[in-house]
file final-v8.cif (mmCIF, C-alpha atoms and all ligand atoms)
data_structure
#
loop_
_atom_site.label_atom_id
_atom_site.label_comp_id
_atom_site.auth_asym_id
_atom_site.auth_seq_id
_atom_site.Cartn_x
_atom_site.Cartn_y
_atom_site.Cartn_z
CA MET A 20 -10.86 -15.11 -4.33
CA SER A 21 -10.95 -14.41 -0.58
CA THR A 22 -13.06 -11.61 0.89
CA PRO A 23 -11.17 -8.31 0.61
CA VAL A 24 -9.56 -7.12 3.83
CA VAL A 25 -7.23 -4.63 2.13
CA GLY A 26 -8.58 -1.83 -0.03
CA ILE A 27 -6.20 -0.43 -2.66
CA VAL A 28 -7.48 2.96 -3.80
CA MET A 29 -5.81 4.67 -6.77
CA GLY A 30 -6.27 8.17 -8.15
CA SER A 31 -6.38 7.02 -11.76
CA ASP A 32 -6.10 3.99 -14.01
CA SER A 33 -2.62 5.26 -14.93
CA ASP A 34 -1.60 4.17 -11.40
CA LEU A 35 -2.64 0.57 -12.01
CA PRO A 36 0.59 -0.89 -13.45
CA VAL A 37 2.50 0.06 -10.28
CA MET A 38 -0.29 -0.80 -7.84
CA GLN A 39 -0.69 -4.26 -9.31
CA GLU A 40 2.60 -4.96 -7.51
CA THR A 41 0.75 -4.43 -4.21
CA ALA A 42 -2.06 -6.77 -5.20
CA LYS A 43 0.44 -9.39 -6.39
CA VAL A 44 2.19 -9.55 -2.99
CA LEU A 45 -1.11 -9.76 -1.12
CA GLU A 46 -2.30 -12.52 -3.44
CA GLU A 47 0.90 -14.50 -2.77
CA TYR A 48 -0.18 -14.60 0.89
CA GLY A 49 -3.80 -15.38 0.04
CA VAL A 50 -4.95 -12.07 1.50
CA GLY A 51 -8.00 -10.70 -0.28
CA CYS A 52 -7.83 -7.19 -1.69
CA GLU A 53 -9.86 -4.93 -3.93
CA LEU A 54 -8.55 -2.36 -6.42
CA VAL A 55 -10.60 0.81 -6.76
CA ILE A 56 -10.20 4.13 -8.62
CA ALA A 57 -11.49 7.10 -6.59
CA SER A 58 -9.66 10.40 -6.89
CA ALA A 59 -9.54 12.93 -4.02
CA HIS A 60 -9.67 15.77 -6.54
CA ARG A 61 -11.68 14.41 -9.45
CA ALA A 62 -14.16 12.23 -7.55
CA PRO A 63 -14.06 13.39 -3.92
CA GLU A 64 -17.55 12.09 -3.05
CA LYS A 65 -16.61 8.59 -4.16
CA ALA A 66 -13.36 8.69 -2.19
CA ALA A 67 -15.21 9.89 0.91
CA GLN A 68 -17.92 7.27 0.61
CA TYR A 69 -15.29 4.55 0.20
CA ALA A 70 -13.41 5.61 3.33
CA ARG A 71 -16.57 6.03 5.43
CA SER A 72 -17.87 2.57 4.56
CA ALA A 73 -14.51 0.73 4.63
CA ARG A 74 -14.66 -0.60 8.21
CA ASP A 75 -18.29 -1.72 7.99
CA ARG A 76 -17.51 -3.58 4.77
CA GLY A 77 -14.87 -5.63 6.60
CA LEU A 78 -11.70 -3.93 5.40
CA LYS A 79 -8.80 -3.89 7.90
CA VAL A 80 -6.28 -1.73 6.04
CA VAL A 81 -6.63 0.89 3.32
CA ILE A 82 -3.86 1.75 0.85
CA GLY A 83 -4.08 5.07 -1.00
CA ALA A 84 -1.89 5.58 -4.07
CA ALA A 85 -1.64 8.72 -6.16
CA GLY A 86 0.70 10.97 -8.08
CA TYR A 87 1.05 14.72 -8.52
CA SER A 88 -0.46 16.67 -5.58
CA ALA A 89 -1.36 13.41 -3.87
CA HIS A 90 -4.08 14.07 -1.31
CA LEU A 91 -5.91 10.78 -1.73
CA ALA A 92 -4.35 8.82 1.14
CA GLY A 93 -4.75 11.79 3.50
CA VAL A 94 -8.40 12.28 2.59
CA LEU A 95 -9.07 8.56 3.11
CA ALA A 96 -7.27 8.72 6.46
CA SER A 97 -9.38 11.69 7.54
CA LEU A 98 -12.58 9.68 7.07
CA THR A 99 -11.69 6.30 8.59
CA THR A 100 -9.88 5.11 11.72
CA LEU A 101 -8.53 2.09 9.83
CA PRO A 102 -4.76 2.27 9.25
CA VAL A 103 -4.03 4.03 5.95
CA ILE A 104 -0.84 3.39 4.00
CA GLY A 105 0.19 5.84 1.28
CA VAL A 106 2.07 5.11 -1.93
CA PRO A 107 3.34 8.19 -3.79
CA LEU A 108 3.58 7.66 -7.53
CA ALA A 109 6.00 9.11 -10.04
CA GLY A 110 3.79 10.34 -12.90
CA SER A 111 4.56 14.05 -12.49
CA PRO A 112 7.47 16.10 -13.86
CA LEU A 113 8.80 16.08 -10.28
CA GLN A 114 9.06 12.26 -10.41
CA GLY A 115 6.81 11.72 -7.39
CA PHE A 116 8.77 13.95 -5.00
CA ASP A 117 5.68 16.18 -4.88
CA ALA A 118 3.45 13.21 -4.03
CA LEU A 119 5.92 11.95 -1.42
CA LEU A 120 5.91 15.28 0.41
CA ALA A 121 2.12 15.65 0.19
CA MET A 122 1.58 12.20 1.71
CA GLY A 123 4.33 12.40 4.30
CA GLN A 124 3.39 15.81 5.66
CA MET A 125 0.12 14.90 7.36
CA PRO A 126 -0.89 17.07 10.32
CA SER A 127 -0.85 15.44 13.76
CA GLY A 128 -3.82 13.22 14.52
CA ILE A 129 -4.43 11.96 10.98
CA PRO A 130 -1.48 9.73 10.06
CA VAL A 131 -0.66 8.17 6.71
CA ALA A 132 2.08 5.52 6.78
CA THR A 133 3.93 6.79 3.73
CA MET A 134 6.01 4.38 1.65
CA THR A 135 8.65 5.32 -0.89
CA VAL A 136 7.81 6.36 -4.47
CA GLY A 137 6.87 3.77 -7.07
CA ALA A 138 7.14 -0.02 -7.28
CA ALA A 139 9.25 -0.49 -4.12
CA GLY A 140 6.69 1.56 -2.20
CA ALA A 141 3.83 -0.40 -3.74
CA LYS A 142 5.39 -3.72 -2.64
CA ASN A 143 6.21 -2.35 0.81
CA ALA A 144 2.62 -1.16 1.20
CA ALA A 145 1.55 -4.79 0.83
CA HIS A 146 4.19 -5.99 3.30
CA PHE A 147 3.21 -3.32 5.80
CA ALA A 148 -0.47 -4.28 5.44
CA LEU A 149 0.49 -7.93 5.99
CA GLN A 150 2.43 -6.98 9.13
CA ILE A 151 -0.62 -5.13 10.47
CA LEU A 152 -2.84 -8.13 9.75
CA ALA A 153 -0.23 -10.46 11.32
CA THR A 154 -0.62 -8.74 14.72
CA ASN A 155 -3.75 -10.84 14.98
CA ASP A 156 -2.78 -13.86 12.87
CA ALA A 157 0.00 -16.19 14.08
CA ASP A 158 0.09 -18.17 10.83
CA LEU A 159 0.59 -15.03 8.75
CA ALA A 160 3.27 -13.82 11.20
CA ALA A 161 5.13 -17.12 10.78
CA ARG A 162 4.99 -16.84 7.00
CA LEU A 163 6.36 -13.31 7.14
CA ALA A 164 9.20 -14.54 9.35
CA THR A 165 10.01 -17.26 6.80
CA TYR A 166 9.97 -14.64 4.04
CA ARG A 167 12.53 -12.58 5.98
CA GLU A 168 14.74 -15.66 6.46
CA ASN A 169 14.62 -16.32 2.72
CA LEU A 170 15.53 -12.68 2.02
CA ALA A 171 18.55 -12.98 4.28
CA ALA A 172 19.54 -16.24 2.55
CA THR A 173 19.38 -14.45 -0.82
CA ILE A 174 21.76 -11.77 0.42
CA GLU A 175 24.09 -14.41 1.83
CA LYS A 176 24.13 -16.17 -1.55
CA LYS A 177 25.03 -12.90 -3.29
CA ASP A 178 27.85 -12.34 -0.82
CA GLN A 179 29.18 -15.87 -1.36
CA ALA A 180 29.04 -15.36 -5.15
CA LEU A 181 30.94 -12.08 -4.81
CA ARG A 182 33.67 -13.76 -2.78
CA ALA A 183 33.98 -16.83 -5.05
C1 LIG A 201 -3.37 11.56 -9.76
O1 LIG A 201 -2.98 12.17 -10.93
C2 LIG A 201 -3.44 10.10 -10.08
O2 LIG A 201 -3.22 9.35 -8.93
C3 LIG A 201 -2.34 9.90 -11.10
O3 LIG A 201 -1.15 9.44 -10.48
C4 LIG A 201 -2.13 11.30 -11.63
C5 LIG A 201 -2.37 11.42 -13.11
O4 LIG A 201 -3.64 10.92 -13.45
P1 LIG A 201 -4.09 10.77 -14.97
O5 LIG A 201 -3.99 12.15 -15.57
O6 LIG A 201 -3.12 9.81 -15.60
O7 LIG A 201 -5.48 10.25 -14.94
O8 LIG A 201 -4.59 12.03 -9.29
#

call {"tool": "encode", "arguments": {"input": "final-v8.cif", "output": "structure tokens", "more": "lines below"}}
Ligand code: RP5
result
Amino acid sequence: MSTPVVGIVMGSDSDLPVMQETAKVLEEYGVGCELVIASAHRAPEKAAQYARSARDRGLKVVIGAAGYSAHLAGVLASLTTLPVIGVPLAGSPLQGFDALLAMGQMPSGIPVATMTVGAAGAKNAAHFALQILATNDADLAARLATYRENLAATIEKKDQALRA
């Protein structure tokens, strides 16, 4: 396993099934990540300590994922200058709309790059982290470009099948 450069922080173990999608994408690219549970509300000291030490421990990107009143990504972002990506999760009766608004409505100066709710957001968090890392890694950038070409080919195939 490669040294973690992406930290995936979740509010609870109930977030794990969705956030494993993030880890899976990063693993496909051989990018090391670590999965951590550290709630902004239930374990704020742990969340703060994680964010404060993230850069010195070699992390390049932090992903914060939570449901309900989802302050985790924002709290992490307030305590590190690493880029923070937020994934709102759909555990609440409001299906994650609450978490989406909490993460997206950060005050100016402390941004959280907020993805969509759930599995698509979890996968996009990984892709966004890879794109950040690729600004300084030509090989990774080339692999992301190939991935995009393959995506386009998949759509083309679907179109051909529809027309056949
Ligand atoms: C949030 O509360 C967590 O991120 C999780 O999405 C949600 C529910 O947590 P559990 O009650 O399942 O532990 O802080």

call {"tool": "residues_around", "arguments": {"input": "final-v8.cif", "residues": "region 153-165 of chain A", "least_positions_apart": "2", "cutoff": "12 Å", "atoms": "all atoms listed in the file", "output": "list in words"}}
result
Val44, Leu45, Glu47, Tyr48, Gly49, Val50, Lys79, Val80, Ala145, His146, Phe147, Ala148, Leu149, Gln150, Ile151, Arg167, Glu168, Asn169, Leu170, Ala171 and Ala172 of chain A

call {"tool": "closest_residue", "arguments": {"input": "final-v8.cif", "among": "A:Ser31, A:Thr135, A:Ser72, A:Thr22", "to": "Glu53 (chain A)", "atoms": "all atoms listed in the file"}}
result
A:Thr22

call {"tool": "atom_distance", "arguments": {"input": "final-v8.cif", "atom1": "CA of Met122 (chain A)", "atom2": "CA of Glu46 (chain A)"}}
result
25.5 Å

call {"tool": "closest_residue", "arguments": {"input": "final-v8.cif", "among": "A:Gly30, A:Pro23, A:Pro102, A:Gly123", "to": "ligand LIG 201 (chain A)", "atoms": "all atoms listed in the file"}}
result
A:Gly30

call {"tool": "closest_atom_pairs", "arguments": {"input": "final-v8.cif", "of": "chain A", "to": "ligand LIG 201 (chain A)", "cutoff": "8 Å", "atoms": "all atoms listed in the file", "output": "tab-separated table"}}
result
residue	atom	partner	partner_atom	distance
A:Met29	CA	A:LIG201	O2	5.8
A:Gly30	CA	A:LIG201	O2	3.4
A:Ser31	CA	A:LIG201	C2	4.6
A:Asp32	CA	A:LIG201	O7	6.4
A:Ser33	CA	A:LIG201	O6	4.6
A:Asp34	CA	A:LIG201	O3	5.4
A:Ser58	CA	A:LIG201	O8	5.8
A:Ala59	CA	A:LIG201	O8	7.3
A:His60	CA	A:LIG201	O8	6.9
A:Arg61	CA	A:LIG201	O8	7.5
A:Ala84	CA	A:LIG201	O2	6.3
A:Ala85	CA	A:LIG201	O2	3.3
A:Gly86	CA	A:LIG201	O3	3.4
A:Tyr87	CA	A:LIG201	O1	5.3
A:Ser88	CA	A:LIG201	C1	7.2
A:Ala89	CA	A:LIG201	O8	6.5
A:Leu91	CA	A:LIG201	O8	7.8
A:Leu108	CA	A:LIG201	O3	5.9
A:Ala109	CA	A:LIG201	O3	7.2
A:Gly110	CA	A:LIG201	O3	5.6
A:Ser111	CA	A:LIG201	C4	7.3

call {"tool": "closest_residue", "arguments": {"input": "final-v8.cif", "among": "A:Leu35, A:Glu40, A:Tyr69, A:Leu120", "to": "Ala144 (chain A)", "atoms": "only C-alpha atoms"}}
result
A:Glu40

call {"tool": "atom_distance", "arguments": {"input": "final-v8.cif", "atom1": "CA of Asp178 (chain A)", "atom2": "CA of Gly140 (chain A)"}}
result
25.4 Å

call {"tool": "residues_around", "arguments": {"input": "final-v8.cif", "residues": "Thr133 (chain A)", "least_positions_apart": "4", "cutoff": "8 Å", "atoms": "all atoms listed in the file", "output": "compact mmCIF listing (two decimals) with C-alpha atoms, in the frame of the given file"}}
result
# COMPACT_ATOMS: atom_id res chain seq x y z
CA ILE A 104 -0.84 3.39 4.00
CA GLY A 105 0.19 5.84 1.28
CA VAL A 106 2.07 5.11 -1.93
CA PRO A 107 3.34 8.19 -3.79
CA LEU A 119 5.92 11.95 -1.42
CA MET A 122 1.58 12.20 1.71
CA GLY A 123 4.33 12.40 4.30

call {"tool": "closest_residue", "arguments": {"input": "final-v8.cif", "among": "A:Cys52, A:Gly83, A:His90, A:Thr100", "to": "Ala132 (chain A)", "atoms": "all atoms listed in the file"}}
result
A:Gly83

call {"tool": "atom_distance", "arguments": {"input": "final-v8.cif", "atom1": "CA of Leu152 (chain A)", "atom2": "CA of Val37 (chain A)"}}
result
22.3 Å

call {"tool": "closest_residue", "arguments": {"input": "final-v8.cif", "among": "A:Leu101, A:Ile174, A:Leu78, A:Ala138", "to": "Met38 (chain A)", "atoms": "all atoms listed in the file"}}
result
A:Ala138

call {"tool": "closest_residue", "arguments": {"input": "final-v8.cif", "among": "A:Ala141, A:Arg182, A:Ile56, A:Val136", "to": "Asp117 (chain A)", "atoms": "only C-alpha atoms"}}
result
A:Val136

call {"tool": "axis_aligned_box", "arguments": {"input": "final-v8.cif", "around": "region 149-156 of chain A", "padding_each_side": "6 Å", "output": "AutoDock Vina command-line options"}}
result
--center_x -0.7 --center_y -9.5 --center_z 10.5 --size_x 18.2 --size_y 20.7 --size_z 21.0

call {"tool": "decode", "arguments": {"input": "final-v8.cif", "residues": "region 47-68 of chain A", "atoms": "N, CA, C and O atoms", "output": "short mmCIF file (atom, residue, chain, number, x, y, z; two decimals), in the first residue's frame"}}
result
data_model
loop_
_atom_site.label_atom_id
_atom_site.label_comp_id
_atom_site.auth_asym_id
_atom_site.auth_seq_id
_atom_site.Cartn_x
_atom_site.Cartn_y
_atom_site.Cartn_z
N GLU A 47 -7.51 2.34 -7.70
CA GLU A 47 -7.35 1.99 -9.12
C GLU A 47 -6.20 2.77 -9.75
O GLU A 47 -5.58 2.31 -10.70
N TYR A 48 -5.94 3.95 -9.23
CA TYR A 48 -4.85 4.79 -9.75
C TYR A 48 -3.56 4.64 -8.93
O TYR A 48 -2.59 5.34 -9.16
N GLY A 49 -3.59 3.75 -7.96
CA GLY A 49 -2.41 3.52 -7.13
C GLY A 49 -2.09 4.69 -6.22
O GLY A 49 -0.94 4.87 -5.81
N VAL A 50 -3.11 5.51 -5.93
CA VAL A 50 -2.89 6.66 -5.05
C VAL A 50 -3.27 6.25 -3.62
O VAL A 50 -4.38 5.81 -3.35
N GLY A 51 -2.31 6.41 -2.71
CA GLY A 51 -2.53 5.99 -1.33
C GLY A 51 -3.52 6.88 -0.60
O GLY A 51 -3.50 8.10 -0.74
N CYS A 52 -4.41 6.24 0.16
CA CYS A 52 -5.36 7.02 0.96
C CYS A 52 -5.55 6.35 2.31
O CYS A 52 -5.19 5.19 2.50
N GLU A 53 -6.07 7.13 3.25
CA GLU A 53 -6.41 6.56 4.55
C GLU A 53 -7.86 6.92 4.88
O GLU A 53 -8.33 8.00 4.55
N LEU A 54 -8.56 5.99 5.48
CA LEU A 54 -9.95 6.20 5.90
C LEU A 54 -9.97 6.38 7.41
O LEU A 54 -9.39 5.58 8.15
N VAL A 55 -10.62 7.47 7.85
CA VAL A 55 -10.62 7.81 9.27
C VAL A 55 -12.03 8.20 9.70
O VAL A 55 -12.76 8.81 8.91
N ILE A 56 -12.43 7.88 10.91
CA ILE A 56 -13.70 8.37 11.46
C ILE A 56 -13.36 9.42 12.51
O ILE A 56 -12.60 9.16 13.45
N ALA A 57 -13.90 10.64 12.32
CA ALA A 57 -13.62 11.75 13.26
C ALA A 57 -14.72 12.79 13.12
O ALA A 57 -14.64 13.66 12.27
N SER A 58 -15.71 12.71 13.90
CA SER A 58 -16.88 13.59 13.76
C SER A 58 -16.64 15.02 14.25
O SER A 58 -16.01 15.23 15.29
N ALA A 59 -17.18 15.99 13.51
CA ALA A 59 -17.07 17.40 13.93
C ALA A 59 -17.88 17.66 15.19
O ALA A 59 -17.54 18.53 15.99
N HIS A 60 -18.96 16.90 15.36
CA HIS A 60 -19.85 17.14 16.51
C HIS A 60 -19.56 16.19 17.68
O HIS A 60 -19.60 16.59 18.83
N ARG A 61 -19.28 14.92 17.34
CA ARG A 61 -19.12 13.93 18.41
C ARG A 61 -17.67 13.78 18.86
O ARG A 61 -17.42 13.27 19.95
N ALA A 62 -16.73 14.15 18.02
CA ALA A 62 -15.31 14.03 18.38
C ALA A 62 -14.54 15.20 17.79
O ALA A 62 -13.64 15.02 16.97
N PRO A 63 -14.91 16.43 18.18
CA PRO A 63 -14.32 17.62 17.53
C PRO A 63 -12.81 17.73 17.73
O PRO A 63 -12.10 18.20 16.83
N GLU A 64 -12.31 17.30 18.89
CA GLU A 64 -10.85 17.40 19.13
C GLU A 64 -10.09 16.52 18.16
O GLU A 64 -9.04 16.90 17.63
N LYS A 65 -10.63 15.33 17.90
CA LYS A 65 -9.95 14.42 16.98
C LYS A 65 -9.96 15.00 15.56
O LYS A 65 -8.95 14.94 14.85
N ALA A 66 -11.12 15.54 15.17
CA ALA A 66 -11.22 16.13 13.83
C ALA A 66 -10.22 17.29 13.68
O ALA A 66 -9.53 17.41 12.67
N ALA A 67 -10.12 18.11 14.72
CA ALA A 67 -9.22 19.26 14.68
C ALA A 67 -7.76 18.81 14.60
O ALA A 67 -6.98 19.32 13.79
N GLN A 68 -7.43 17.83 15.41
CA GLN A 68 -6.05 17.34 15.43
C GLN A 68 -5.67 16.74 14.06
O GLN A 68 -4.57 16.95 13.56
#
